[in-house]
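Enquirer: Here you go, query04.pdb (PDB, C-alpha atoms, pLDDT in the B column):
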ATOM      1  CA  PHE V  81       0.000   0.000   0.000  1.00 72.00           C
ATOM      2  CA  ASP V  82       1.108   3.575  -0.559  1.00 83.00           C
ATOM      3  CA  GLU V  83      -0.013   7.054   0.415  1.00 82.00           C
ATOM      4  CA  GLY V  84      -2.120   7.405  -2.756  1.00 83.00           C
ATOM      5  CA  ALA V  85      -4.037   4.237  -1.908  1.00 87.00           C
ATOM      6  CA  VAL V  86      -4.497   5.384   1.686  1.00 88.00           C
ATOM      7  CA  ALA V  87      -5.724   8.835   0.614  1.00 87.00           C
ATOM      8  CA  GLY V  88      -8.090   7.359  -1.966  1.00 87.00           C
ATOM      9  CA  THR V  89      -9.456   4.814   0.485  1.00 88.00           C
ATOM     10  CA  LEU V  90      -9.960   7.420   3.210  1.00 89.00           C
ATOM     11  CA  ASP V  91     -11.808   9.690   0.803  1.00 89.00           C
ATOM     12  CA  ALA V  92     -14.029   6.851  -0.461  1.00 88.00           C
ATOM     13  CA  LEU V  93     -14.782   5.660   3.075  1.00 88.00           C
ATOM     14  CA  ARG V  94     -15.587   9.203   4.188  1.00 89.00           C
ATOM     15  CA  ARG V  95     -18.063   9.559   1.330  1.00 88.00           C
ATOM     16  CA  ASP V  96     -19.549   6.069   1.793  1.00 86.00           C
ATOM     17  CA  LEU V  97     -20.080   6.668   5.518  1.00 85.00           C
ATOM     18  CA  GLY V  98     -21.157  10.302   5.120  1.00 86.00           C
ATOM     19  CA  LEU V  99     -18.495  11.611   7.508  1.00 88.00           C
ATOM     20  CA  ASP V 100     -17.260  15.170   8.009  1.00 89.00           C
ATOM     21  CA  GLN V 101     -13.953  16.069   6.356  1.00 90.00           C
ATOM     22  CA  GLU V 102     -12.172  16.298   9.712  1.00 92.00           C
ATOM     23  CA  VAL V 103     -12.825  12.658  10.600  1.00 93.00           C
ATOM     24  CA  PRO V 104     -10.189  11.109   8.273  1.00 93.00           C
ATOM     25  CA  ILE V 105      -7.560  13.462   9.694  1.00 94.00           C
ATOM     26  CA  MET V 106      -8.514  12.410  13.211  1.00 95.00           C
ATOM     27  CA  ALA V 107      -8.398   8.784  12.079  1.00 95.00           C
ATOM     28  CA  LEU V 108      -4.801   9.192  10.929  1.00 94.00           C
ATOM     29  CA  VAL V 109      -3.897  10.641  14.336  1.00 96.00           C
ATOM     30  CA  LEU V 110      -5.431   7.575  15.998  1.00 96.00           C
ATOM     31  CA  VAL V 111      -3.614   5.169  13.664  1.00 94.00           C
ATOM     32  CA  GLU V 112      -0.317   6.887  14.444  1.00 93.00           C
ATOM     33  CA  ARG V 113      -1.021   6.642  18.192  1.00 94.00           C
ATOM     34  CA  CYS V 114      -1.666   2.918  17.895  1.00 93.00           C
ATOM     35  CA  ALA V 115       1.434   2.351  15.805  1.00 91.00           C
ATOM     36  CA  ALA V 116       3.558   4.285  18.317  1.00 91.00           C
ATOM     37  CA  ARG V 117       2.159   2.228  21.212  1.00 90.00           C
ATOM     38  CA  SER V 118       2.769  -1.151  19.650  1.00 86.00           C
ATOM     39  CA  PRO V 119       6.567  -1.388  19.568  1.00 78.00           C
ATOM     40  CA  GLY V 120       8.105  -4.627  18.477  1.00 78.00           C
ATOM     41  CA  ARG V 121       5.421  -5.391  15.918  1.00 80.00           C
ATOM     42  CA  CYS V 122       3.987  -3.853  12.805  1.00 84.00           C
ATOM     43  CA  PHE V 123       0.539  -2.540  13.736  1.00 85.00           C
ATOM     44  CA  VAL V 124      -0.356  -1.493  10.174  1.00 89.00           C
ATOM     45  CA  SER V 125       0.581  -3.858   7.371  1.00 88.00           C
ATOM     46  CA  ALA V 126      -0.232  -4.523   3.747  1.00 88.00           C
ATOM     47  CA  ALA V 127      -2.703  -7.163   4.956  1.00 89.00           C
ATOM     48  CA  ASN V 128      -4.688  -5.039   7.417  1.00 90.00           C
ATOM     49  CA  TRP V 129      -4.312  -1.350   6.532  1.00 92.00           C
ATOM     50  CA  GLN V 130      -7.837  -0.947   5.123  1.00 91.00           C
ATOM     51  CA  HIS V 131      -9.421  -2.498   8.202  1.00 91.00           C
ATOM     52  CA  VAL V 132      -7.267  -0.320  10.463  1.00 93.00           C
ATOM     53  CA  LEU V 133      -8.436   2.765   8.543  1.00 92.00           C
ATOM     54  CA  ILE V 134     -12.092   1.747   8.782  1.00 91.00           C
ATOM     55  CA  CYS V 135     -11.777   1.149  12.511  1.00 92.00           C
ATOM     56  CA  ALA V 136      -9.905   4.418  13.061  1.00 94.00           C
ATOM     57  CA  LEU V 137     -12.574   6.278  11.072  1.00 92.00           C
ATOM     58  CA  LEU V 138     -15.299   4.804  13.255  1.00 90.00           C
ATOM     59  CA  LEU V 139     -13.432   5.671  16.444  1.00 93.00           C
ATOM     60  CA  ALA V 140     -12.828   9.221  15.192  1.00 93.00           C
ATOM     61  CA  ALA V 141     -16.483   9.557  14.183  1.00 90.00           C
ATOM     62  CA  LYS V 142     -17.547   8.477  17.669  1.00 88.00           C
ATOM     63  CA  THR V 143     -15.715  11.456  19.136  1.00 89.00           C
ATOM     64  CA  TRP V 144     -16.391  14.002  16.379  1.00 88.00           C
ATOM     65  CA  CYS V 145     -19.920  13.448  15.129  1.00 81.00           C
ATOM     66  CA  GLU V 146     -23.074  14.329  17.015  1.00 80.00           C
ATOM     67  CA  ASP V 147     -24.618  11.029  15.954  1.00 77.00           C
ATOM     68  CA  PRO V 148     -21.728   8.591  16.387  1.00 70.00           C
ATOM     69  CA  TYR V 149     -21.275   5.689  14.048  1.00 74.00           C
ATOM     70  CA  THR V 150     -21.264   2.091  15.163  1.00 75.00           C
ATOM     71  CA  VAL V 151     -19.832  -1.120  13.821  1.00 75.00           C
ATOM     72  CA  SER V 152     -23.355  -1.933  12.604  1.00 81.00           C
ATOM     73  CA  ASP V 153     -23.421   1.305  10.593  1.00 77.00           C
ATOM     74  CA  ALA V 154     -20.106   0.390   8.994  1.00 80.00           C
ATOM     75  CA  ARG V 155     -21.283  -3.115   8.187  1.00 80.00           C
ATOM     76  CA  GLU V 156     -24.418  -1.728   6.539  1.00 81.00           C
ATOM     77  CA  ALA V 157     -22.490   0.794   4.433  1.00 82.00           C
ATOM     78  CA  LEU V 158     -19.389  -1.255   3.621  1.00 83.00           C
ATOM     79  CA  SER V 159     -20.262  -4.956   3.789  1.00 77.00           C
ATOM     80  CA  ASP V 160     -20.241  -5.297   0.006  1.00 79.00           C
ATOM     81  CA  SER V 161     -16.636  -4.059  -0.173  1.00 82.00           C
ATOM     82  CA  TYR V 162     -14.981  -5.280   3.046  1.00 85.00           C
ATOM     83  CA  ASP V 163     -15.085  -8.246   5.413  1.00 85.00           C
ATOM     84  CA  LEU V 164     -15.822  -6.517   8.715  1.00 85.00           C
ATOM     85  CA  SER V 165     -16.261  -9.604  10.875  1.00 87.00           C
ATOM     86  CA  ARG V 166     -13.173  -8.803  12.996  1.00 88.00           C
ATOM     87  CA  LEU V 167     -13.914  -5.077  13.292  1.00 87.00           C
ATOM     88  CA  PRO V 168     -15.148  -5.263  16.935  1.00 89.00           C
ATOM     89  CA  ASP V 169     -11.921  -7.071  17.939  1.00 92.00           C
ATOM     90  CA  LEU V 170      -9.780  -4.510  16.134  1.00 92.00           C
ATOM     91  CA  GLU V 171     -11.747  -1.666  17.721  1.00 92.00           C
ATOM     92  CA  ALA V 172     -11.138  -3.132  21.193  1.00 94.00           C
ATOM     93  CA  GLU V 173      -7.428  -3.590  20.438  1.00 93.00           C
ATOM     94  CA  MET V 174      -7.045  -0.016  19.192  1.00 94.00           C
ATOM     95  CA  CYS V 175      -8.906   1.401  22.196  1.00 94.00           C
ATOM     96  CA  ALA V 176      -6.700  -0.607  24.561  1.00 94.00           C
ATOM     97  CA  LEU V 177      -3.510   0.551  22.807  1.00 93.00           C
ATOM     98  CA  MET V 178      -4.611   4.161  23.192  1.00 94.00           C
ATOM     99  CA  HIS V 179      -5.843   3.613  26.752  1.00 93.00           C
ATOM    100  CA  PHE V 180      -9.227   4.843  25.469  1.00 94.00           C
ATOM    101  CA  ASN V 181      -7.734   8.278  24.763  1.00 92.00           C
ATOM    102  CA  LEU V 182      -9.703   8.915  21.559  1.00 93.00           C
ATOM    103  CA  SER V 183      -9.827  12.682  21.740  1.00 92.00           C
ATOM    104  CA  VAL V 184      -7.726  14.777  19.399  1.00 94.00           C
ATOM    105  CA  LYS V 185      -6.842  18.289  20.464  1.00 94.00           C
ATOM    106  CA  PRO V 186      -7.736  21.006  17.949  1.00 92.00           C
ATOM    107  CA  ARG V 187      -4.083  21.995  17.658  1.00 94.00           C
ATOM    108  CA  THR V 188      -3.104  18.431  16.760  1.00 93.00           C
ATOM    109  CA  LEU V 189      -5.934  18.209  14.232  1.00 92.00           C
ATOM    110  CA  TYR V 190      -4.779  21.374  12.494  1.00 91.00           C
ATOM    111  CA  GLU V 191      -1.107  20.387  12.598  1.00 93.00           C
ATOM    112  CA  TYR V 192      -2.010  17.185  10.767  1.00 91.00           C
ATOM    113  CA  TYR V 193      -4.301  19.079   8.398  1.00 91.00           C
ATOM    114  CA  PHE V 194      -1.583  21.521   7.368  1.00 91.00           C
ATOM    115  CA  ALA V 195       1.085  18.808   7.147  1.00 90.00           C
ATOM    116  CA  LEU V 196      -1.177  16.726   4.899  1.00 88.00           C
ATOM    117  CA  ARG V 197      -2.056  19.788   2.858  1.00 87.00           C
ATOM    118  CA  GLU V 198       1.626  20.597   2.321  1.00 88.00           C
ATOM    119  CA  LEU V 199       2.340  16.965   1.420  1.00 85.00           C
ATOM    120  CA  GLY V 200      -0.426  17.122  -1.179  1.00 82.00           C
ATOM    121  CA  ARG V 201       0.902  20.401  -2.563  1.00 84.00           C
ATOM    122  CA  THR V 202       4.403  18.917  -2.810  1.00 84.00           C
ATOM    123  CA  ARG V 203       3.056  15.882  -4.682  1.00 80.00           C
ATOM    124  CA  LEU V 204       1.096  18.097  -7.086  1.00 78.00           C
ATOM    125  CA  ARG V 205       4.146  20.270  -7.787  1.00 82.00           C
ATOM    126  CA  ALA V 206       6.222  17.128  -8.411  1.00 82.00           C
ATOM    127  CA  GLN V 207       3.637  16.128 -11.030  1.00 80.00           C
ATOM    128  CA  GLY V 208       3.897  19.579 -12.617  1.00 81.00           C
ATOM    129  CA  LYS V 209       0.403  20.615 -11.537  1.00 78.00           C
ATOM    130  CA  ALA V 210      -0.454  24.118 -10.356  1.00 72.00           C
ATOM    131  CA  THR V 211      -1.218  24.752  -6.694  1.00 69.00           C
ATOM    132  CA  THR V 212      -2.834  27.695  -4.979  1.00 73.00           C
ATOM    133  CA  PRO V 213      -0.626  29.881  -2.781  1.00 68.00           C
ATOM    134  CA  VAL V 214      -0.706  29.389   0.976  1.00 62.00           C
ATOM    135  CA  SER V 215      -2.261  32.329   2.809  1.00 62.00           C
ATOM    136  CA  ARG V 216      -0.293  34.289   5.410  1.00 59.00           C
ATOM    137  CA  LYS V 217      -2.623  33.009   8.116  1.00 60.00           C
ATOM    138  CA  THR V 218      -1.652  29.382   7.499  1.00 56.00           C
ATOM    139  CA  GLN V 219       2.093  29.822   6.941  1.00 57.00           C
ATOM    140  CA  PRO V 220       2.983  29.681  10.685  1.00 57.00           C
ATOM    141  CA  TYR V 221       1.378  26.209  10.917  1.00 53.00           C
ATOM    142  CA  LEU V 222       3.525  24.947   8.048  1.00 51.00           C
ATOM    143  CA  GLN V 223       6.771  26.075   9.677  1.00 54.00           C
ATOM    144  CA  ARG V 224       6.389  23.862  12.763  1.00 51.00           C
TER     145      ARG V 224
END
Could you render the structure from this file as structure tokens?
Expert:
Amino acid sequence: FDEGAVAGTLDALRRDLGLDQEVPIMALVLVERCAARSPGRCFVSAANWQHVLICALLLAAKTWCEDPYTVSDAREALSDSYDLSRLPDLEAEMCALMHFNLSVKPRTLYEYYFALRELGRTRLRAQGKATTPVSRKTQPYLQR
């Protein structure tokens, strides 16, 4: 898997589940937390990365959305595309790794947002595509 596949999958899942645009960013924060707290083993692999993303999206949605999503909601929306039979086990494992700390501070959310935005801009420039200039308001976030 590569960053293009991850970005495409996150975008498709966000649309399929009807999630706010902030939820995938929060999901990436949660995935990174889990990966950092599981030393000695590869938490995200080529075999499980899509399931990890789905689970992280659901956990992020539970903290972000007014009407939180459940495993049942995910099964209903995604069962044609993914085998979600182990999703409750993965959710429990991720929650345990994070010690149930599912909240993401606004500052962290925006740091990830601007880092991802700059990564996207860099990729577009590398492909020779035009990008819009960064406003003065957002430049301090990019320099961290």
Enquirer: Since I can't run it myself right now, could you work out what the PyMOL selection byres ((chain V and resi 162-168) around 10) selects here and report it as a list in words?
Expert: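 Selected by the PyMOL selection byres ((chain V and resi 162-168) around 10) here: Gln130, His131, Val132, Ile134, Cys135, Leu138, Thr150, Val151, Ser152, Ala154, Arg155, Ala157, Leu158, Ser159, Asp160, Ser161, Asp169, Leu170, Glu171, Ala172, Glu173 and Met174 of chain V.
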Enquirer: What's around Glu146 of chain V at 12 Å? Count all atoms listed in the file, leave out sequence neighbours fewer than 4 positions away in its own chain, and write the answer as a PyMOL selection string.
Expert: chain V and resi 99-100+140-142
Enquirer: For Ala136 of chain V, which residue out of V:Asp96, V:Lys185, V:Ala116, V:Met178 is the nearest one, using all atoms listed in the file?
Expert: V:Met178
Enquirer: Tell me, in Å to one decimal, how far atom CA of Thr188 of chain V is from atom CA of Leu90 of chain V.
Expert: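 Between atom CA of Thr188 of chain V and atom CA of Leu90 of chain V the gap works out to 18.8 Å.
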Enquirer: My list of candidates is V:Trp129, V:Phe180, V:Tyr149, V:Phe194. Which is closest to Leu97 of chain V when distances are computed with all atoms listed in the file?
Expert: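 Selected residue with least distance to Leu97 of chain V: V:Tyr149.
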Enquirer: With distances taken over all atoms listed in the file, which of V:Arg121, V:Pro148, V:Phe81, V:Ser183 is nearest to Gly98 of chain V?
Expert: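 Answer, going by the shortest atom-to-atom distance: V:Pro148.
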Enquirer: Output the residue selection produced by the PyMOL selection byres ((chain V and resi 82) around 12) on the file above, formatted as a ChimeraX atom specification.
Expert: /V:81,83-89,124-126,129-130
Enquirer: Neighbours of segment 101-108 of chain V within 8 Å (only C-alpha atoms; same-chain residues fewer than 6 positions away dropped), as a ChimeraX atom specification?
Expert: /V:90-91,94,133,136-137,139-141,144,184,189,192-193
Enquirer: Go ahead and dump the residues you just picked, C-alpha atoms, as an mmCIF file, keeping the file's coordinate frame.
Expert:
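Output below, filename part_4.cif:
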data_model
loop_
_atom_site.group_PDB
_atom_site.id
_atom_site.type_symbol
_atom_site.label_atom_id
_atom_site.label_comp_id
_atom_site.auth_asym_id
_atom_site.auth_seq_id
_atom_site.Cartn_x
_atom_site.Cartn_y
_atom_site.Cartn_z
ATOM 1 C CA LEU V 90 -9.960 7.420 3.210
ATOM 2 C CA ASP V 91 -11.808 9.690 0.803
ATOM 3 C CA ARG V 94 -15.587 9.203 4.188
ATOM 4 C CA LEU V 133 -8.436 2.765 8.543
ATOM 5 C CA ALA V 136 -9.905 4.418 13.061
ATOM 6 C CA LEU V 137 -12.574 6.278 11.072
ATOM 7 C CA LEU V 139 -13.432 5.671 16.444
ATOM 8 C CA ALA V 140 -12.828 9.221 15.192
ATOM 9 C CA ALA V 141 -16.483 9.557 14.183
ATOM 10 C CA TRP V 144 -16.391 14.002 16.379
ATOM 11 C CA VAL V 184 -7.726 14.777 19.399
ATOM 12 C CA LEU V 189 -5.934 18.209 14.232
ATOM 13 C CA TYR V 192 -2.010 17.185 10.767
ATOM 14 C CA TYR V 193 -4.301 19.079 8.398
#
Enquirer: Report, as AutoDock Vina command-line options, the axis-aligned box around all atoms of segment 170-180 of chain V present in the file, extended by 5 Å on each side; give centre and edge lengths in Å to one decimal place.
Expert:
--center_x -7.6 --center_y 0.2 --center_z 21.4 --size_x 18.2 --size_y 19.4 --size_z 20.6
Enquirer: For atom CA of Ala176 of chain V and atom CA of Phe123 of chain V, quote the distance in Å rounded to one decimal.
Expert: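 Those two atoms sit 13.2 Å apart.
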Enquirer: So, with only C-alpha atoms as the atoms that count, which of V:Ala92, V:Leu177, V:Leu199, V:Asp147 lies closest to Ser118 of chain V?
Expert: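 Smallest distance to Ser118 of chain V is found for V:Leu177.
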Enquirer: So how many Å separate atom CA of Glu191 of chain V and atom CA of His179 of chain V, to one decimal?
Expert: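 Spanning atom CA of Glu191 of chain V to atom CA of His179 of chain V is a straight-line distance of 22.5 Å.
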Enquirer: V:Glu198, V:Arg205, V:Leu182, V:Ala210: which is nearest Glu112 of chain V, counting all atoms listed in the file?
Expert: V:Leu182
